[in-house]
Structures are given as C-alpha cells and as structure tokens.
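Novice: Supplied structure: protein.pdb, PDB, C-alpha atoms.
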```
ATOM      1  CA  MET H   1     -62.359 -63.223 -27.785
ATOM      2  CA  LYS H   2     -61.869 -66.193 -30.110
ATOM      3  CA  LEU H   3     -61.601 -69.670 -28.608
ATOM      4  CA  ILE H   4     -60.019 -72.825 -29.913
ATOM      5  CA  THR H   5     -60.431 -76.443 -28.860
ATOM      6  CA  LEU H   6     -57.276 -78.338 -27.991
ATOM      7  CA  HIS H   7     -56.494 -81.967 -28.817
ATOM      8  CA  ASP H   8     -52.700 -82.149 -28.437
ATOM      9  CA  LYS H   9     -51.872 -83.554 -24.993
ATOM     10  CA  ARG H  10     -48.303 -82.304 -25.071
ATOM     11  CA  TYR H  11     -49.374 -78.747 -25.886
ATOM     12  CA  ILE H  12     -52.028 -78.802 -23.144
ATOM     13  CA  GLU H  13     -49.529 -80.189 -20.649
ATOM     14  CA  ASP H  14     -47.004 -77.466 -21.477
ATOM     15  CA  ILE H  15     -49.608 -74.821 -20.623
ATOM     16  CA  LEU H  16     -50.701 -76.509 -17.393
ATOM     17  CA  ARG H  17     -47.154 -77.214 -16.189
ATOM     18  CA  LYS H  18     -46.526 -73.475 -15.831
ATOM     19  CA  ASN H  19     -48.458 -73.776 -12.540
ATOM     20  CA  VAL H  20     -48.467 -77.456 -11.642
ATOM     21  CA  ALA H  21     -49.984 -77.136  -8.174
ATOM     22  CA  LEU H  22     -52.950 -75.132  -9.456
ATOM     23  CA  HIS H  23     -53.641 -77.555 -12.310
ATOM     24  CA  LEU H  24     -53.026 -81.003 -10.811
ATOM     25  CA  TYR H  25     -56.552 -82.186 -11.596
ATOM     26  CA  GLU H  26     -56.328 -81.087 -15.212
ATOM     27  CA  ILE H  27     -52.882 -82.622 -15.696
ATOM     28  CA  GLY H  28     -54.146 -85.890 -14.266
ATOM     29  CA  ASP H  29     -57.115 -85.822 -16.631
ATOM     30  CA  LEU H  30     -54.688 -85.987 -19.556
ATOM     31  CA  ASP H  31     -54.153 -89.621 -18.596
ATOM     32  CA  ASP H  32     -55.839 -92.196 -20.840
ATOM     33  CA  PHE H  33     -57.988 -93.194 -17.848
ATOM     34  CA  CYS H  34     -59.789 -89.811 -17.966
ATOM     35  CA  TRP H  35     -58.933 -88.345 -21.384
ATOM     36  CA  PRO H  36     -62.079 -89.653 -23.182
ATOM     37  CA  TYR H  37     -64.226 -87.536 -20.843
ATOM     38  CA  THR H  38     -62.412 -84.252 -21.484
ATOM     39  CA  THR H  39     -62.977 -81.266 -23.750
ATOM     40  CA  TRP H  40     -60.349 -78.526 -23.709
ATOM     41  CA  TYR H  41     -60.854 -74.855 -24.593
ATOM     42  CA  ALA H  42     -58.221 -72.131 -24.803
ATOM     43  CA  THR H  43     -57.794 -68.523 -25.791
ATOM     44  CA  GLN H  44     -55.349 -67.438 -28.454
ATOM     45  CA  ASP H  45     -53.587 -65.108 -26.058
ATOM     46  CA  THR H  46     -49.960 -65.401 -25.024
ATOM     47  CA  PRO H  47     -49.920 -67.091 -22.613
ATOM     48  CA  PRO H  48     -53.283 -68.730 -23.340
ATOM     49  CA  GLN H  49     -55.993 -69.288 -20.780
ATOM     50  CA  ILE H  50     -57.309 -72.839 -20.638
ATOM     51  CA  ALA H  51     -60.475 -74.518 -19.379
ATOM     52  CA  LEU H  52     -61.413 -78.173 -19.078
ATOM     53  CA  LEU H  53     -64.956 -79.530 -19.333
ATOM     54  CA  TYR H  54     -64.935 -82.951 -17.678
ATOM     55  CA  THR H  55     -67.930 -85.202 -18.342
ATOM     56  CA  GLY H  56     -66.896 -88.416 -16.585
ATOM     57  CA  GLY H  57     -69.129 -87.910 -13.557
ATOM     58  CA  PRO H  58     -72.854 -87.509 -12.920
ATOM     59  CA  THR H  59     -72.606 -83.744 -13.541
ATOM     60  CA  PRO H  60     -70.207 -82.085 -16.011
ATOM     61  CA  VAL H  61     -67.527 -79.980 -14.339
ATOM     62  CA  LEU H  62     -65.865 -76.935 -15.870
ATOM     63  CA  LEU H  63     -62.406 -76.286 -14.434
ATOM     64  CA  ALA H  64     -61.610 -72.669 -15.253
ATOM     65  CA  LEU H  65     -58.694 -71.955 -12.958
ATOM     66  CA  SER H  66     -56.155 -69.257 -13.678
ATOM     67  CA  ASP H  67     -53.390 -67.241 -12.074
ATOM     68  CA  GLN H  68     -54.684 -64.344 -14.196
ATOM     69  CA  PRO H  69     -58.162 -63.954 -12.626
ATOM     70  CA  GLU H  70     -58.562 -60.404 -13.898
ATOM     71  CA  THR H  71     -59.142 -61.733 -17.437
ATOM     72  CA  GLN H  72     -61.484 -64.588 -16.548
ATOM     73  CA  ALA H  73     -64.706 -62.631 -17.103
ATOM     74  CA  THR H  74     -63.918 -62.211 -20.806
ATOM     75  CA  PHE H  75     -62.913 -65.870 -21.075
ATOM     76  CA  LEU H  76     -66.115 -67.081 -19.390
ATOM     77  CA  GLN H  77     -68.191 -64.814 -21.630
ATOM     78  CA  ALA H  78     -66.647 -66.464 -24.682
ATOM     79  CA  LEU H  79     -67.264 -69.930 -23.240
ATOM     80  CA  ARG H  80     -70.923 -69.294 -22.431
ATOM     81  CA  PRO H  81     -72.426 -70.564 -25.740
ATOM     82  CA  LEU H  82     -70.469 -73.814 -25.372
ATOM     83  CA  LEU H  83     -71.548 -74.686 -21.844
ATOM     84  CA  PRO H  84     -73.974 -77.486 -20.952
ATOM     85  CA  ARG H  85     -77.392 -76.798 -19.469
ATOM     86  CA  THR H  86     -76.271 -78.036 -16.061
ATOM     87  CA  PHE H  87     -72.717 -78.158 -14.764
ATOM     88  CA  ASP H  88     -70.462 -77.509 -11.785
ATOM     89  CA  LEU H  89     -67.864 -74.783 -12.037
ATOM     90  CA  HIS H  90     -64.479 -74.195 -10.391
ATOM     91  CA  LEU H  91     -63.424 -70.577 -10.776
ATOM     92  CA  THR H  92     -60.550 -68.493  -9.364
ATOM     93  CA  SER H  93     -62.291 -65.128  -9.694
ATOM     94  CA  ASN H  94     -65.623 -63.361  -9.238
ATOM     95  CA  ALA H  95     -66.486 -63.730 -12.927
ATOM     96  CA  ILE H  96     -69.519 -65.892 -12.043
ATOM     97  CA  THR H  97     -71.710 -62.819 -12.599
ATOM     98  CA  ILE H  98     -71.202 -63.353 -16.350
ATOM     99  CA  LEU H  99     -73.472 -66.421 -16.140
ATOM    100  CA  GLU H 100     -76.200 -65.018 -13.878
ATOM    101  CA  GLU H 101     -78.414 -63.886 -16.768
ATOM    102  CA  ASP H 102     -78.679 -67.400 -18.230
ATOM    103  CA  TYR H 103     -78.124 -69.702 -15.243
ATOM    104  CA  HIS H 104     -79.402 -70.292 -11.734
ATOM    105  CA  ILE H 105     -76.243 -70.224  -9.609
ATOM    106  CA  THR H 106     -75.738 -72.105  -6.351
ATOM    107  CA  SER H 107     -72.499 -71.434  -4.497
ATOM    108  CA  TYR H 108     -70.680 -74.287  -2.784
ATOM    109  CA  GLY H 109     -68.412 -71.721  -1.173
ATOM    110  CA  PRO H 110     -64.704 -70.950  -1.242
ATOM    111  CA  HIS H 111     -62.190 -73.774  -1.364
ATOM    112  CA  TYR H 112     -58.451 -74.114  -0.938
ATOM    113  CA  LYS H 113     -56.183 -75.919  -3.318
ATOM    114  CA  MET H 114     -53.487 -77.601  -1.270
ATOM    115  CA  ALA H 115     -50.265 -79.296  -2.349
ATOM    116  CA  LEU H 116     -47.976 -81.655  -0.473
ATOM    117  CA  HIS H 117     -44.917 -79.582   0.421
ATOM    118  CA  ASP H 118     -43.385 -81.309   3.458
ATOM    119  CA  ARG H 119     -43.173 -85.026   2.726
ATOM    120  CA  GLU H 120     -41.089 -85.745   5.810
ATOM    121  CA  ARG H 121     -44.156 -85.325   8.027
ATOM    122  CA  LEU H 122     -45.661 -88.490   6.574
ATOM    123  CA  ALA H 123     -42.989 -90.622   8.229
ATOM    124  CA  ASN H 124     -44.085 -89.457  11.688
ATOM    125  CA  ILE H 125     -47.646 -90.786  11.363
ATOM    126  CA  ASP H 126     -48.630 -94.281  12.489
ATOM    127  CA  THR H 127     -50.224 -96.000   9.487
ATOM    128  CA  THR H 128     -50.016 -99.542  10.867
ATOM    129  CA  HIS H 129     -53.726-100.263  10.667
ATOM    130  CA  ALA H 130     -54.412 -98.668   7.271
ATOM    131  CA  VAL H 131     -55.110-101.303   4.612
ATOM    132  CA  GLN H 132     -55.458-101.194   0.843
ATOM    133  CA  LEU H 133     -59.044-101.438  -0.371
ATOM    134  CA  ASN H 134     -60.292-103.187  -3.489
ATOM    135  CA  ILE H 135     -63.522-104.286  -5.152
ATOM    136  CA  ASP H 136     -64.149-106.758  -2.310
ATOM    137  CA  ASP H 137     -64.540-103.752  -0.009
ATOM    138  CA  LEU H 138     -67.080-102.015  -2.257
ATOM    139  CA  ASP H 139     -70.106-102.592  -0.021
ATOM    140  CA  SER H 140     -68.246-101.228   2.997
ATOM    141  CA  ILE H 141     -67.014 -98.219   1.004
ATOM    142  CA  GLU H 142     -70.470 -97.352  -0.278
ATOM    143  CA  GLN H 143     -71.911 -97.772   3.222
ATOM    144  CA  ILE H 144     -69.474 -95.351   4.856
ATOM    145  CA  TYR H 145     -70.066 -92.756   2.143
ATOM    146  CA  HIS H 146     -73.827 -93.143   2.608
ATOM    147  CA  GLU H 147     -73.546 -92.603   6.361
ATOM    148  CA  SER H 148     -70.671 -90.134   6.573
ATOM    149  CA  TYR H 149     -70.429 -88.275   3.266
ATOM    150  CA  PRO H 150     -73.727 -88.525   1.341
ATOM    151  CA  THR H 151     -72.865 -85.635  -1.009
ATOM    152  CA  ASN H 152     -69.629 -87.316  -2.050
ATOM    153  CA  TRP H 153     -69.130 -88.488  -5.621
ATOM    154  CA  PHE H 154     -67.479 -91.909  -5.701
ATOM    155  CA  GLU H 155     -66.899 -93.812  -8.916
ATOM    156  CA  ARG H 156     -66.226 -97.507  -8.344
ATOM    157  CA  ARG H 157     -63.835 -97.698 -11.294
ATOM    158  CA  MET H 158     -61.420 -95.552  -9.264
ATOM    159  CA  LEU H 159     -60.704 -98.669  -7.192
ATOM    160  CA  GLU H 160     -58.852 -99.914 -10.281
ATOM    161  CA  THR H 161     -56.102 -97.415  -9.479
ATOM    162  CA  GLN H 162     -55.303 -99.510  -6.369
ATOM    163  CA  HIS H 163     -55.001 -96.274  -4.428
ATOM    164  CA  TYR H 164     -57.807 -96.456  -1.899
ATOM    165  CA  PHE H 165     -56.947 -97.105   1.730
ATOM    166  CA  GLY H 166     -59.117 -97.635   4.760
ATOM    167  CA  LEU H 167     -59.178 -98.514   8.430
ATOM    168  CA  TYR H 168     -61.467-101.166   9.903
ATOM    169  CA  MET H 169     -62.686-101.398  13.507
ATOM    170  CA  ASP H 170     -64.593-104.542  14.484
ATOM    171  CA  ARG H 171     -65.055-105.392  10.784
ATOM    172  CA  MET H 172     -66.578-101.978  10.096
ATOM    173  CA  LEU H 173     -64.862 -99.597   7.688
ATOM    174  CA  VAL H 174     -64.566 -96.417   9.754
ATOM    175  CA  SER H 175     -62.218 -94.298   7.637
ATOM    176  CA  VAL H 176     -61.320 -94.151   3.956
ATOM    177  CA  ALA H 177     -59.145 -92.091   1.622
ATOM    178  CA  GLY H 178     -58.732 -92.392  -2.122
ATOM    179  CA  VAL H 179     -57.902 -90.476  -5.257
ATOM    180  CA  HIS H 180     -59.889 -88.379  -7.690
ATOM    181  CA  VAL H 181     -56.949 -88.270 -10.089
ATOM    182  CA  TYR H 182     -54.006 -90.644 -10.378
ATOM    183  CA  SER H 183     -51.556 -90.641 -13.267
ATOM    184  CA  PRO H 184     -48.157 -92.314 -13.014
ATOM    185  CA  ARG H 185     -47.578 -91.224 -16.621
ATOM    186  CA  PHE H 186     -47.914 -87.537 -15.746
ATOM    187  CA  LYS H 187     -46.608 -88.012 -12.177
ATOM    188  CA  VAL H 188     -49.590 -86.395 -10.432
ATOM    189  CA  ALA H 189     -52.333 -87.424  -8.027
ATOM    190  CA  THR H 190     -55.095 -85.720  -6.079
ATOM    191  CA  LEU H 191     -56.688 -87.019  -2.898
ATOM    192  CA  GLY H 192     -60.448 -87.438  -2.779
ATOM    193  CA  ASN H 193     -63.325 -89.405  -1.265
ATOM    194  CA  VAL H 194     -61.854 -88.857   2.198
ATOM    195  CA  THR H 195     -64.110 -89.404   5.199
ATOM    196  CA  THR H 196     -64.285 -90.892   8.676
ATOM    197  CA  HIS H 197     -67.470 -92.202  10.268
ATOM    198  CA  PRO H 198     -68.866 -89.595  12.702
ATOM    199  CA  ALA H 199     -68.685 -92.036  15.614
ATOM    200  CA  TYR H 200     -64.940 -92.492  15.098
ATOM    201  CA  ARG H 201     -63.747 -88.963  14.411
ATOM    202  CA  GLY H 202     -61.092 -87.251  16.499
ATOM    203  CA  ARG H 203     -58.929 -90.362  16.804
ATOM    204  CA  GLY H 204     -56.509 -89.659  13.950
ATOM    205  CA  PHE H 205     -57.934 -92.327  11.657
ATOM    206  CA  GLY H 206     -58.353 -89.928   8.739
ATOM    207  CA  THR H 207     -54.789 -88.731   9.133
ATOM    208  CA  ALA H 208     -53.553 -92.335   9.167
ATOM    209  CA  VAL H 209     -55.307 -93.451   5.982
ATOM    210  CA  CYS H 210     -54.340 -90.270   4.126
ATOM    211  CA  ALA H 211     -50.725 -90.651   5.221
ATOM    212  CA  ARG H 212     -50.606 -94.249   4.032
ATOM    213  CA  LEU H 213     -52.162 -93.266   0.728
ATOM    214  CA  CYS H 214     -49.619 -90.487   0.207
ATOM    215  CA  GLN H 215     -46.718 -92.778   1.087
ATOM    216  CA  VAL H 216     -47.796 -95.229  -1.595
ATOM    217  CA  LEU H 217     -48.561 -92.525  -4.159
ATOM    218  CA  LEU H 218     -45.069 -91.076  -3.812
ATOM    219  CA  ARG H 219     -43.643 -94.285  -5.226
ATOM    220  CA  THR H 220     -45.019 -93.338  -8.644
ATOM    221  CA  VAL H 221     -45.899 -89.611  -8.657
ATOM    222  CA  GLU H 222     -44.068 -86.368  -7.948
ATOM    223  CA  HIS H 223     -46.977 -84.039  -7.109
ATOM    224  CA  ILE H 224     -49.942 -84.634  -4.782
ATOM    225  CA  GLY H 225     -52.756 -82.159  -4.198
ATOM    226  CA  LEU H 226     -56.340 -81.856  -3.005
ATOM    227  CA  ASN H 227     -59.301 -79.501  -2.712
ATOM    228  CA  VAL H 228     -60.918 -78.658   0.629
ATOM    229  CA  LYS H 229     -63.569 -76.228   1.815
ATOM    230  CA  VAL H 230     -62.090 -73.130   3.453
ATOM    231  CA  HIS H 231     -64.263 -73.550   6.553
ATOM    232  CA  ASN H 232     -63.593 -77.278   7.083
ATOM    233  CA  SER H 233     -61.230 -76.713   9.992
ATOM    234  CA  ALA H 234     -60.930 -80.389  10.947
ATOM    235  CA  ALA H 235     -59.905 -81.421   7.427
ATOM    236  CA  LEU H 236     -57.509 -78.492   7.126
ATOM    237  CA  ALA H 237     -55.805 -79.464  10.384
ATOM    238  CA  CYS H 238     -55.465 -83.043   9.152
ATOM    239  CA  TYR H 239     -53.935 -82.027   5.822
ATOM    240  CA  GLU H 240     -51.542 -79.563   7.452
ATOM    241  CA  ARG H 241     -50.329 -82.345   9.779
ATOM    242  CA  LEU H 242     -49.634 -84.412   6.671
ATOM    243  CA  GLY H 243     -47.492 -81.653   5.167
ATOM    244  CA  PHE H 244     -49.966 -80.010   2.781
ATOM    245  CA  ALA H 245     -49.967 -76.230   2.288
ATOM    246  CA  ASN H 246     -52.519 -73.890   0.747
ATOM    247  CA  ILE H 247     -51.478 -72.653  -2.704
ATOM    248  CA  ALA H 248     -54.668 -71.028  -4.048
ATOM    249  CA  THR H 249     -58.263 -70.144  -3.234
ATOM    250  CA  TYR H 250     -61.106 -70.719  -5.667
ATOM    251  CA  ASN H 251     -64.926 -70.974  -5.627
ATOM    252  CA  GLU H 252     -67.192 -73.851  -6.564
ATOM    253  CA  TYR H 253     -70.665 -73.366  -8.053
ATOM    254  CA  HIS H 254     -73.544 -75.348  -9.476
ATOM    255  CA  CYS H 255     -75.077 -73.826 -12.602
ATOM    256  CA  SER H 256     -78.431 -74.791 -14.144
ATOM    257  CA  ILE H 257     -79.985 -73.112 -17.133
ATOM    258  CA  LYS H 258     -82.981 -70.842 -16.573
ATOM    259  CA  GLN H 259     -86.150 -72.087 -18.266
TER     260      GLN H 259
END
```
In structure tokens, what does this structure look like?

Specialist:
Amino acid sequence: MKLITLHDKRYIEDILRKNVALHLYEIGDLDDFCWPYTTWYATQDTPPQIALLYTGGPTPVLLALSDQPETQATFLQALRPLLPRTFDLHLTSNAITILEEDYHITSYGPHYKMALHDRERLANIDTTHAVQLNIDDLDSIEQIYHESYPTNWFERRMLETQHYFGLYMDRMLVSVAGVHVYSPRFKVATLGNVTTHPAYRGRGFGTAVCARLCQVLLRTVEHIGLNVKVHNSAALACYERLGFANIATYNEYHCSIKQ
C-alpha cells in the first residue's frame, strides 16, 4: 500500500467530514491553533483512509480511526516505518498486532466516542455556580489535576480558548471542565480535562461545569464530542444526562520501540 502525506486543509476536511462525529478531534486539529503540530497520512484508495500524527503534547499521538476497520491492518503496516519510537495510538480495530514485533504495547483499554445529540437536556441543569476560568486560576487548576486526575494531560495554553469552567467551594476549585479541541472556524469542539475532587463527587458538580461549558461552546460550534473509558460508569452517566450518546468504540494504546 502506497501512502501520501497531505497538506491541503480543505481536502483533509472533506475526507473527515464524511463521519464528523468520529473525527471531531482531527477536524479541530485543522485549526491554526493546532495545525503546526500535525502530520497527515492517507492511502490512495477511494475513499482514502487517513491518519493524524499529533505532536503538540508530551507524547505523540497517532489517531487512526476509521469506519472501515477491516482494512486498518494494511494501513498500519504501511505506516510502521514512519512512526516515532514512542507514541500513543487510537485505533478502531484489532490491528495493533501489526506493531507487536517492533513495539512494547500497553493497552489503556476500550473507549467510547460520544457526541452531543440532545442539546435540550443542557437547559435542565443548574449551572449557576459554574464560573469561567482563566490564567489567574492556573494554580487551582493544576492543584485539582494533581489531586484528582494525576494522569491527565493539561496544557496551560488551552486556557487561551476561554473555554474552561469550574466550580469553587470555600475558595477551593472542586470541579473543572475544559476542551482538548476548540475551533470556531471548523465549528467543532471536544471536552477534556474533566474532573471533580474525590471529596466532592456525587453532588452533580461535574455535570454542572460540563453543562455550562457546552452551553457556551454552542454559541460558536455545531458539533461537540468527547472520549471516555468504557468502564467509567460515573462519567458515562454524567455525559448521558448532558445529552451525549455513544457513536463509536475504539482502543487506546501506548507504544514504545523495543531495544
């Protein structure tokens, strides 16, 4: 299989828009805010398969999602010489075995991709105490992630999107929700960096900050999505209350080259 690299945003967008909900992260990464950190690969099939290598975080991430999972093994085989020594991988098939000869593989388990389908539910949630966060809240944000979500990846520049919301109790930030992707140009956003302090869970705080975030996002975007672990029942219940629905299942892995 012969691969090509893509550089034309409009062409890439046309491919991704054939399944918007599945590719919200990739569409958002077409925005100038993320574009410098992207490398795009595609097959020459009709329709082409596409993969994004994103290098804007501490570990490169390969997004290789497809609604044609039966052909992903061949695609991943072709990509193998181009992959970094260490990277995370999002994959909608069992094609991970293609990499087992060269890489140590750690599974992060199955995940759901969810998309906001029932916006009317947002109006029924009390968001009175949810406030917008900014750089002045950075210490509080980093503290709650340290205590409540230590494996979370948070990039402070995301506060520039002005789409992080939180809830304070007695001057302590106890719940926060933000975005991993936000693009008013491409009309998409994905929720991320969502957590509530363990001592304050079960009170609906996470639902409130996510609802407020979604309400504000819908002023400028048309599609909102997120990723969540299949077995995170509390998070799933929260997102379903907000009007999100599962649209796909995929697996996340960490891959490191064998010495």

Novice: To one decimal in Å, tell me the separation between CA of Ala234 (chain H) and CA of Leu122 (chain H).

Specialist: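 Straight-line distance from CA of Ala234 (chain H) to CA of Leu122 (chain H) works out to 17.8 Å.
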
Novice: For Asn246 (chain H), which residue out of H:Lys18, H:Arg171, H:His111, H:Arg203 is the nearest one, using all atoms listed in the file?

Specialist: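 Closest to Asn246 (chain H) of all the choices is H:His111.
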
Novice: List, as a list in words, every residue that the PyMOL selection byres ((chain H and resi 144) around 10) selects in the file provided.

Specialist: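 Going through the file, the PyMOL selection byres ((chain H and resi 144) around 10) ends up selecting Asp139, Ser140, Ile141, Glu142, Gln143, Tyr145, His146, Glu147, Ser148, Tyr149, Pro150, Met172, Leu173, Val174, Ser175, Val176, Thr195, Thr196, His197 and Pro198 of chain H.
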
Novice: Within 12 Å of Glu26 (chain H), counting only C-alpha atoms, which residues qualify if same-chain residues fewer than 4 places away don't, as a PDB file with C-alpha atoms, keeping the file's coordinate frame?

Specialist:
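Dumped everything to part_3.pdb:
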```pdb
ATOM      1  CA  LYS H   9     -51.872 -83.554 -24.993  1.00  0.00           C
ATOM      2  CA  ILE H  12     -52.028 -78.802 -23.144  1.00  0.00           C
ATOM      3  CA  GLU H  13     -49.529 -80.189 -20.649  1.00  0.00           C
ATOM      4  CA  ASP H  14     -47.004 -77.466 -21.477  1.00  0.00           C
ATOM      5  CA  ILE H  15     -49.608 -74.821 -20.623  1.00  0.00           C
ATOM      6  CA  LEU H  16     -50.701 -76.509 -17.393  1.00  0.00           C
ATOM      7  CA  ARG H  17     -47.154 -77.214 -16.189  1.00  0.00           C
ATOM      8  CA  ASN H  19     -48.458 -73.776 -12.540  1.00  0.00           C
ATOM      9  CA  VAL H  20     -48.467 -77.456 -11.642  1.00  0.00           C
ATOM     10  CA  ALA H  21     -49.984 -77.136  -8.174  1.00  0.00           C
ATOM     11  CA  LEU H  22     -52.950 -75.132  -9.456  1.00  0.00           C
ATOM     12  CA  LEU H  30     -54.688 -85.987 -19.556  1.00  0.00           C
ATOM     13  CA  ASP H  31     -54.153 -89.621 -18.596  1.00  0.00           C
ATOM     14  CA  CYS H  34     -59.789 -89.811 -17.966  1.00  0.00           C
ATOM     15  CA  TRP H  35     -58.933 -88.345 -21.384  1.00  0.00           C
ATOM     16  CA  TYR H  37     -64.226 -87.536 -20.843  1.00  0.00           C
ATOM     17  CA  THR H  38     -62.412 -84.252 -21.484  1.00  0.00           C
ATOM     18  CA  THR H  39     -62.977 -81.266 -23.750  1.00  0.00           C
ATOM     19  CA  TRP H  40     -60.349 -78.526 -23.709  1.00  0.00           C
ATOM     20  CA  ILE H  50     -57.309 -72.839 -20.638  1.00  0.00           C
ATOM     21  CA  ALA H  51     -60.475 -74.518 -19.379  1.00  0.00           C
ATOM     22  CA  LEU H  52     -61.413 -78.173 -19.078  1.00  0.00           C
ATOM     23  CA  LEU H  53     -64.956 -79.530 -19.333  1.00  0.00           C
ATOM     24  CA  TYR H  54     -64.935 -82.951 -17.678  1.00  0.00           C
ATOM     25  CA  VAL H  61     -67.527 -79.980 -14.339  1.00  0.00           C
ATOM     26  CA  LEU H  62     -65.865 -76.935 -15.870  1.00  0.00           C
ATOM     27  CA  LEU H  63     -62.406 -76.286 -14.434  1.00  0.00           C
ATOM     28  CA  ALA H  64     -61.610 -72.669 -15.253  1.00  0.00           C
ATOM     29  CA  LEU H  65     -58.694 -71.955 -12.958  1.00  0.00           C
ATOM     30  CA  SER H  66     -56.155 -69.257 -13.678  1.00  0.00           C
ATOM     31  CA  HIS H  90     -64.479 -74.195 -10.391  1.00  0.00           C
ATOM     32  CA  HIS H 180     -59.889 -88.379  -7.690  1.00  0.00           C
ATOM     33  CA  VAL H 181     -56.949 -88.270 -10.089  1.00  0.00           C
ATOM     34  CA  TYR H 182     -54.006 -90.644 -10.378  1.00  0.00           C
ATOM     35  CA  SER H 183     -51.556 -90.641 -13.267  1.00  0.00           C
ATOM     36  CA  PHE H 186     -47.914 -87.537 -15.746  1.00  0.00           C
ATOM     37  CA  VAL H 188     -49.590 -86.395 -10.432  1.00  0.00           C
ATOM     38  CA  ALA H 189     -52.333 -87.424  -8.027  1.00  0.00           C
ATOM     39  CA  THR H 190     -55.095 -85.720  -6.079  1.00  0.00           C
ATOM     40  CA  GLY H 225     -52.756 -82.159  -4.198  1.00  0.00           C
TER      41      GLY H 225
END
```

Novice: Let me make sure I understand: among H:Arg201, H:Arg212, H:Arg157, H:His163, which one has the smallest atom-to-atom distance to Asp126 (chain H) if we use all atoms listed in the file?

Specialist: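 Among H:Arg201, H:Arg212, H:Arg157, H:His163, it is H:Arg212 that comes nearest to Asp126 (chain H).
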
Novice: Could you expand the PyMOL selection byres ((chain H and resi 222) around 10) into the explicit residues it covers here, written as a PyMOL selection string?

Specialist: chain H and resi 116+184+186-189+217-221+223-224

Novice: Pick the closest to Ser93 (chain H) from H:Thr71, H:Ser107, H:Asn152, H:Leu167: which is it, counting only C-alpha atoms?

Specialist: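 Looking at the shortest contact to Ser93 (chain H), the residue is H:Thr71.
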
Novice: Counting all atoms listed in the file, which residues sit no farther than 12 Å from the position (-78.9, -63.9, -17.6) in the file's frame? I'd like them as a VMD selection string.

Specialist: chain H and resid 77 80 96 to 105 255 to 259

Novice: Suppose we keep C-alpha atoms; can you now write the selection as a PDB file, keeping the file's coordinate frame?

Specialist:
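Final output, result.pdb:
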```
ATOM      1  CA  GLN H  77     -68.191 -64.814 -21.630  1.00  0.00           C
ATOM      2  CA  ARG H  80     -70.923 -69.294 -22.431  1.00  0.00           C
ATOM      3  CA  ILE H  96     -69.519 -65.892 -12.043  1.00  0.00           C
ATOM      4  CA  THR H  97     -71.710 -62.819 -12.599  1.00  0.00           C
ATOM      5  CA  ILE H  98     -71.202 -63.353 -16.350  1.00  0.00           C
ATOM      6  CA  LEU H  99     -73.472 -66.421 -16.140  1.00  0.00           C
ATOM      7  CA  GLU H 100     -76.200 -65.018 -13.878  1.00  0.00           C
ATOM      8  CA  GLU H 101     -78.414 -63.886 -16.768  1.00  0.00           C
ATOM      9  CA  ASP H 102     -78.679 -67.400 -18.230  1.00  0.00           C
ATOM     10  CA  TYR H 103     -78.124 -69.702 -15.243  1.00  0.00           C
ATOM     11  CA  HIS H 104     -79.402 -70.292 -11.734  1.00  0.00           C
ATOM     12  CA  ILE H 105     -76.243 -70.224  -9.609  1.00  0.00           C
ATOM     13  CA  CYS H 255     -75.077 -73.826 -12.602  1.00  0.00           C
ATOM     14  CA  SER H 256     -78.431 -74.791 -14.144  1.00  0.00           C
ATOM     15  CA  ILE H 257     -79.985 -73.112 -17.133  1.00  0.00           C
ATOM     16  CA  LYS H 258     -82.981 -70.842 -16.573  1.00  0.00           C
ATOM     17  CA  GLN H 259     -86.150 -72.087 -18.266  1.00  0.00           C
TER      18      GLN H 259
END
```

Novice: Using all atoms listed in the file, find the one residue out of H:Ile4, H:Cys214, H:Leu24, H:Leu242 that sits nearest to Leu82 (chain H).

Specialist: H:Ile4
